[in-house]
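Trainee: Structure in structure tokens, see below.
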Amino acid sequence: MEPKMSPQTTFQSSSPSSSSPSTPCSSSSSSSPSSSPVDGARIELLPTLSPNRNESRLAGNWVPMVAGIATERLRFIDRMAQSGTEWKHVEERFDRLVSTTTAGPVPVVNRSDFAFCIGMEDTAEFAEKLLEALQRRSSNIDNLQLEITKAQLHDYWCRINDPSFNSRIRIFFDLCDKNMDGKITELEIKEVILLSASTNKLSMTQEEAEDYSTLIMEELDLSKRGFIELSQLERLFFKESQRIVSSQSNSEDPNRANRTRTPWINEEVYLRTYWRRAWIVGLWLTICITLFTWKFIQYQHRKAFQCTGYCLSTAKGAAETLKFNMALILLPVCRNTMTWLRMNRRINSVVPFNDNINFHKLIAGGIVVGVILHGGAHLACDFPRIISCNPSIFRRTIAGDFGYHQPSYVEILGTTEAITGITMVVLMAIAFTLATPLPRRRPSSLPWPLHRVTGFNMFWYSHHLFIIVYVLLLVHSIFLFLTHDAREKTTWMYIAFPVLLYLWERIFRAIRSGLYNVEILEANTYPSQVLSLKLSKPGDFNYKSGMYIFIQCPQISPFEWHPFSLTSAPEDNYLNVHIRTQGDWSYQMYSLFQEALASVGSEFPKIYIDGPYGAASQDHVKYDVIILVGLGIGATPFISILKDVVHGLSKPYIDYGDGGESGIKNRKGPSKAYLYWVTREQSSFDWFRDIIKEVSFANRKQAVIEMHNFLTSVYEDGDARSALISAIQALYHTKNGIDIVSRTPVRTHFARPNWTKVFSNLASTHEGARIGVFYCGHSALARELERLCTNLTTKTTTRFVFHKENY
């Protein structure tokens with residue numbers, strides 16, 4: 001028989017009269033969670049939940065471990081505010097509110113201010129219900145106070161911060177038990193479920209809430225009495241805590257301590273991680289410095305140096321680097337060439353093709369520096385010295401270049417050289433500015449007059465101003481100051497090959513996209529304005545998992561092409577892409593298809609595709625273990641990889657070998673893959689629900705994929721605001737194999753991942769392995785994950801190799 005607590009048992013806490021409101025909570029509230037008392041009634045419940053594995057190892061630690069986790073899973077206040085010293089912040093908020101109202105004999109605040117005082121202003125409805133539960137326990141149920149004194153607030157604060165499980169489960173029980181009869185009915189459970197769902201921004205219908213409340217009653221009300229009591233509610237949370245302890249203990253492997261090799265030192269890690277980037281950037285800098293120095297020294301020995309000094313040498317040195325960089329900047333965006341080159345194993349092993357866009361940006365930065373030096377030296381130093389040069393020196397040195405007439409500043413600015421140079425600078429300034437993250441990705445954050453001249457479309461069109469820039473560059477190079485020898489007018493030599501290569505790429509892309517006859521087989525719209533397109537697959541269209549394509553919709557623009565990852569596997573007889581509305585073009589795309597779906601018999605807009613193109617994700621085949629991290633729509637590059645991995649990668653492919661000899665070999669892919677998908681909205685799980693279900697079903701045979709969803713709108717595991725959702729989630733998943741949040745077999749974790757803990761566990765699980773980490777999402781987290789990979793590689797025997805998607 002299970003001992004039961006009487007429903008009339010009173011809550012023991014420090015009363016206002018015995019505890020100063022200005023001091024932290026005392027007495028029972030001061031005990032730590034690790035030593036929280038578990039009374040006899042609760043201890044007798046735990047043996048039925050004892051573990052069936054590792055019993056000898058855990059032995060007497062099992063009960064306190066479960067009790068400790070159960071306590072942690074019923075926090076009413078965030079971890080950051082659990083210390084008793086945080087009362088001062090609550091008191092400060094109380095005093096701030098009191099100071100804005102008419103003070104009476106005893107300072108009070110309205111009950112509606114309770115949420116603000118305890119730091120729950122974001123979940124005011126839950127805080128209101130929590131206050132009602134606290135007041136029902138300490139006063140007449142029919143006489144709930146409308147105002148709160150500081151002493152009462154301190155009492156409530158101490159009670160919700162009491163670390164003992166007894167205290168917390170009692171408050172949660174009172175939250176459900178509205179009439180304080182010691183019994184919770186199915187209807188009361190349903191109301192708290194709906195409250196928890198709305199608090200955590202979860203979509204839940206009345207029917208679903210009824211099903212979940214029925215599930216809880218079936219689990220706890222074994223006697224079919226139509227209600228549950230405190231001891232039965234305890235079992236619900238202890239059962240989930242027991243599952244966590246069992247999972248943690250089963251994951252421990254005593255053999256993990258046997259290390260096969262020593263961790264790498266920092267220098268070795270940085271060398272192995274960044275050597276490809278380092279030698280490319282180092283080579284680029286060396287060439288730039290060499291060109292600048294060569295031209296600088298050359299002009300020191302010219303007659304013009306007597307008049308212009310180092311100004312002209314600086315301008316000409318910078319001009320030489322500009323010619324080189326204006327040629328080089330086109331190569332990283334020749335995507336067909338990059339895709340073809342990365343297929344060569346030798347080249348791919350020494351050139352970081354995954355950083356092509358970053359290198360493109362780096363060269364752009366070099367061009368900015370070159371323009372400042374070249375233009376600045378001319379406008380602020382060189383030209384003024386020509387104007388003010390001693391007439392005798394001028395006639396003896398450079399007079400012939402100006403028709404033996406010493407020009408004024410305005411006359412110099414009116415020359416072909418100056419006009420073309422200034423025009424190029426203006427056009428490049430426009431293109432560079434609109435390419436920066438703020439106007440390109442977040443135009444709404446700019447003042448309203450700038451909204452219409454920013455966004456991805458403006459970035460796209462402004463970048464094509466470089467067609468004019470290159471024409472002007474050739475004209476500018478013909479009419480050079482102080483240079484008449486055609487052999488020194490080398491600009492065309494620098495840019496000829498890159499420009500021709502880029503033009504060939506654009507022509508090839510136009511021809512290929514026209515030859516691809518693509519039909520839209522299916523289109524679907526999902527929440528958060530996501531469009532899914534299922535396209536027919538051209539006969540000669542071959543690609544690898546992780547690649548992407550460009551899409552054009554002539555109805556929107558005949559010139560714009562936008563990149564999107566393929567979410568279909570290479571084995572599929574169709575192509576699949578998911579497009580989220582994040583800019584003007586994608587918004588128009590979504591609207592067109594939404595209208596077509598709403599109109600019966602309406603045809604879908606015509607689209608063209610171009611590709612496939614190589615991306616960082618296709619390097620997943622190099623690793624035995626891979627970690628895929630996607631933020632929101634950033635999961636798209638990894639969907640095809642999951643399908644590829646779960647269906648097996650032992651398929652023939654052409655290997656060109658080191659000596660150029662080709663042959664058919666078996667491709668070895670990852671033996672283990674981990675997906676971590678982090679999103680803000682529950683509706684995001686709709687995007688790939690069918691694919692996740694398909695992968696989960698196929699994965700049952702091999703268990704090579706481990707998927708984790710993280711929903712950041714839900715309060716972290718252990719918070720009382722999400723505790724009931726967690727319990728229902730566990731029950732429903734055990735019974736039906738489906739997660740109630742994602743509605744897939746993949747269980748959803750709440751709040752953001754603890755990446756340090758995640759990666760540390762994986763380092764222990766795969767000691768001595770080389771793990772590929774692939775990330776697509778915001779750059780801030782990319783930097784954090786890259787630092788974490790480097791740090792763990794230096795401290796453990798596992799090597800993490802980080803890759804970020806760049807389009």
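Residues are named by chain letter and number: chains run A, B, ... in the order of the structure tokens, numbers start at 1 in each chain, and ligands are numbered from 1 in the order shown.
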Would you pick out the contacts of stretch 561-565 of chain A at 7 Å or less, using only C-alpha atoms, so that residues sharing its chain but fewer than 3 positions from it are not included, and give the list as a ChimeraX atom specification?
Mentor: /A:546-552,577,636-637
Trainee: Any chance you could export the current selection's C-alpha atoms as a PDB file, in the first residue's frame?
Mentor:
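Saved the output as selection.pdb:
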ATOM      1  CA  GLY A 546      24.613  18.799 -49.309  1.00  0.00           C
ATOM      2  CA  MET A 547      24.722  20.551 -52.696  1.00  0.00           C
ATOM      3  CA  TYR A 548      22.499  23.465 -53.666  1.00  0.00           C
ATOM      4  CA  ILE A 549      20.867  24.930 -56.772  1.00  0.00           C
ATOM      5  CA  PHE A 550      19.909  28.389 -58.005  1.00  0.00           C
ATOM      6  CA  ILE A 551      16.268  29.175 -58.750  1.00  0.00           C
ATOM      7  CA  GLN A 552      14.861  31.863 -61.008  1.00  0.00           C
ATOM      8  CA  VAL A 577      13.688  22.650 -51.967  1.00  0.00           C
ATOM      9  CA  THR A 636      17.778  22.392 -45.062  1.00  0.00           C
ATOM     10  CA  PRO A 637      21.340  21.437 -46.156  1.00  0.00           C
TER      11      PRO A 637
END
Trainee: Return as CSV the residues of stretch 572-655 of chain A lying at most 12 Å from stretch 795-801 of chain A, together with the closest atom-to-atom pair for each and the distance in Å to one decimal, counting only C-alpha atoms, with rows in chain order and ascending residue number.
Mentor:
residue,atom,partner,partner_atom,distance
A:Ala616,CA,A:Val801,CA,11.7
A:Asp619,CA,A:Val801,CA,10.9
A:His620,CA,A:Val801,CA,10.6
A:Lys622,CA,A:Val801,CA,10.8
A:Tyr623,CA,A:Val801,CA,9.5
A:Asp624,CA,A:Phe800,CA,11.8
A:Val625,CA,A:Phe800,CA,9.8
A:Ile626,CA,A:Phe800,CA,9.3
A:Ile627,CA,A:Phe800,CA,9.4
A:Leu628,CA,A:Val801,CA,11.9
Trainee: Report as a PyMOL selection string: the residues of stretch 266-515 of chain A with a DSSP assignment of helix (DSSP H, G or I), based on the backbone of this structure.
Mentor: chain A and resi 266-300+305-308+310-328+331-333+335-342+345-350+353-387+391-397+399-402+409-413+416-435+437-441+443-445+448-453+456-463+466-478+486-488+491-515
Trainee: Name the closest residue to A:Arg272 among the candidates A:Thr793, A:Thr397, A:Ile184, A:Asn325; distances are taken between atoms, counting only C-alpha atoms.
Mentor: A:Thr793
Trainee: Please, what distance in Å, to one decimal, runs between atom CA of A:Glu786 and atom CA of A:Gly772?
Mentor: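 These atoms are spaced 11.5 Å apart.
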Trainee: Just the strand (DSSP E) stuff from stretch 392-584 of chain A, please, per backbone DSSP, written as a PyMOL selection string.
Mentor: chain A and resi 520-526+530-536+548-552+562-565+574-580
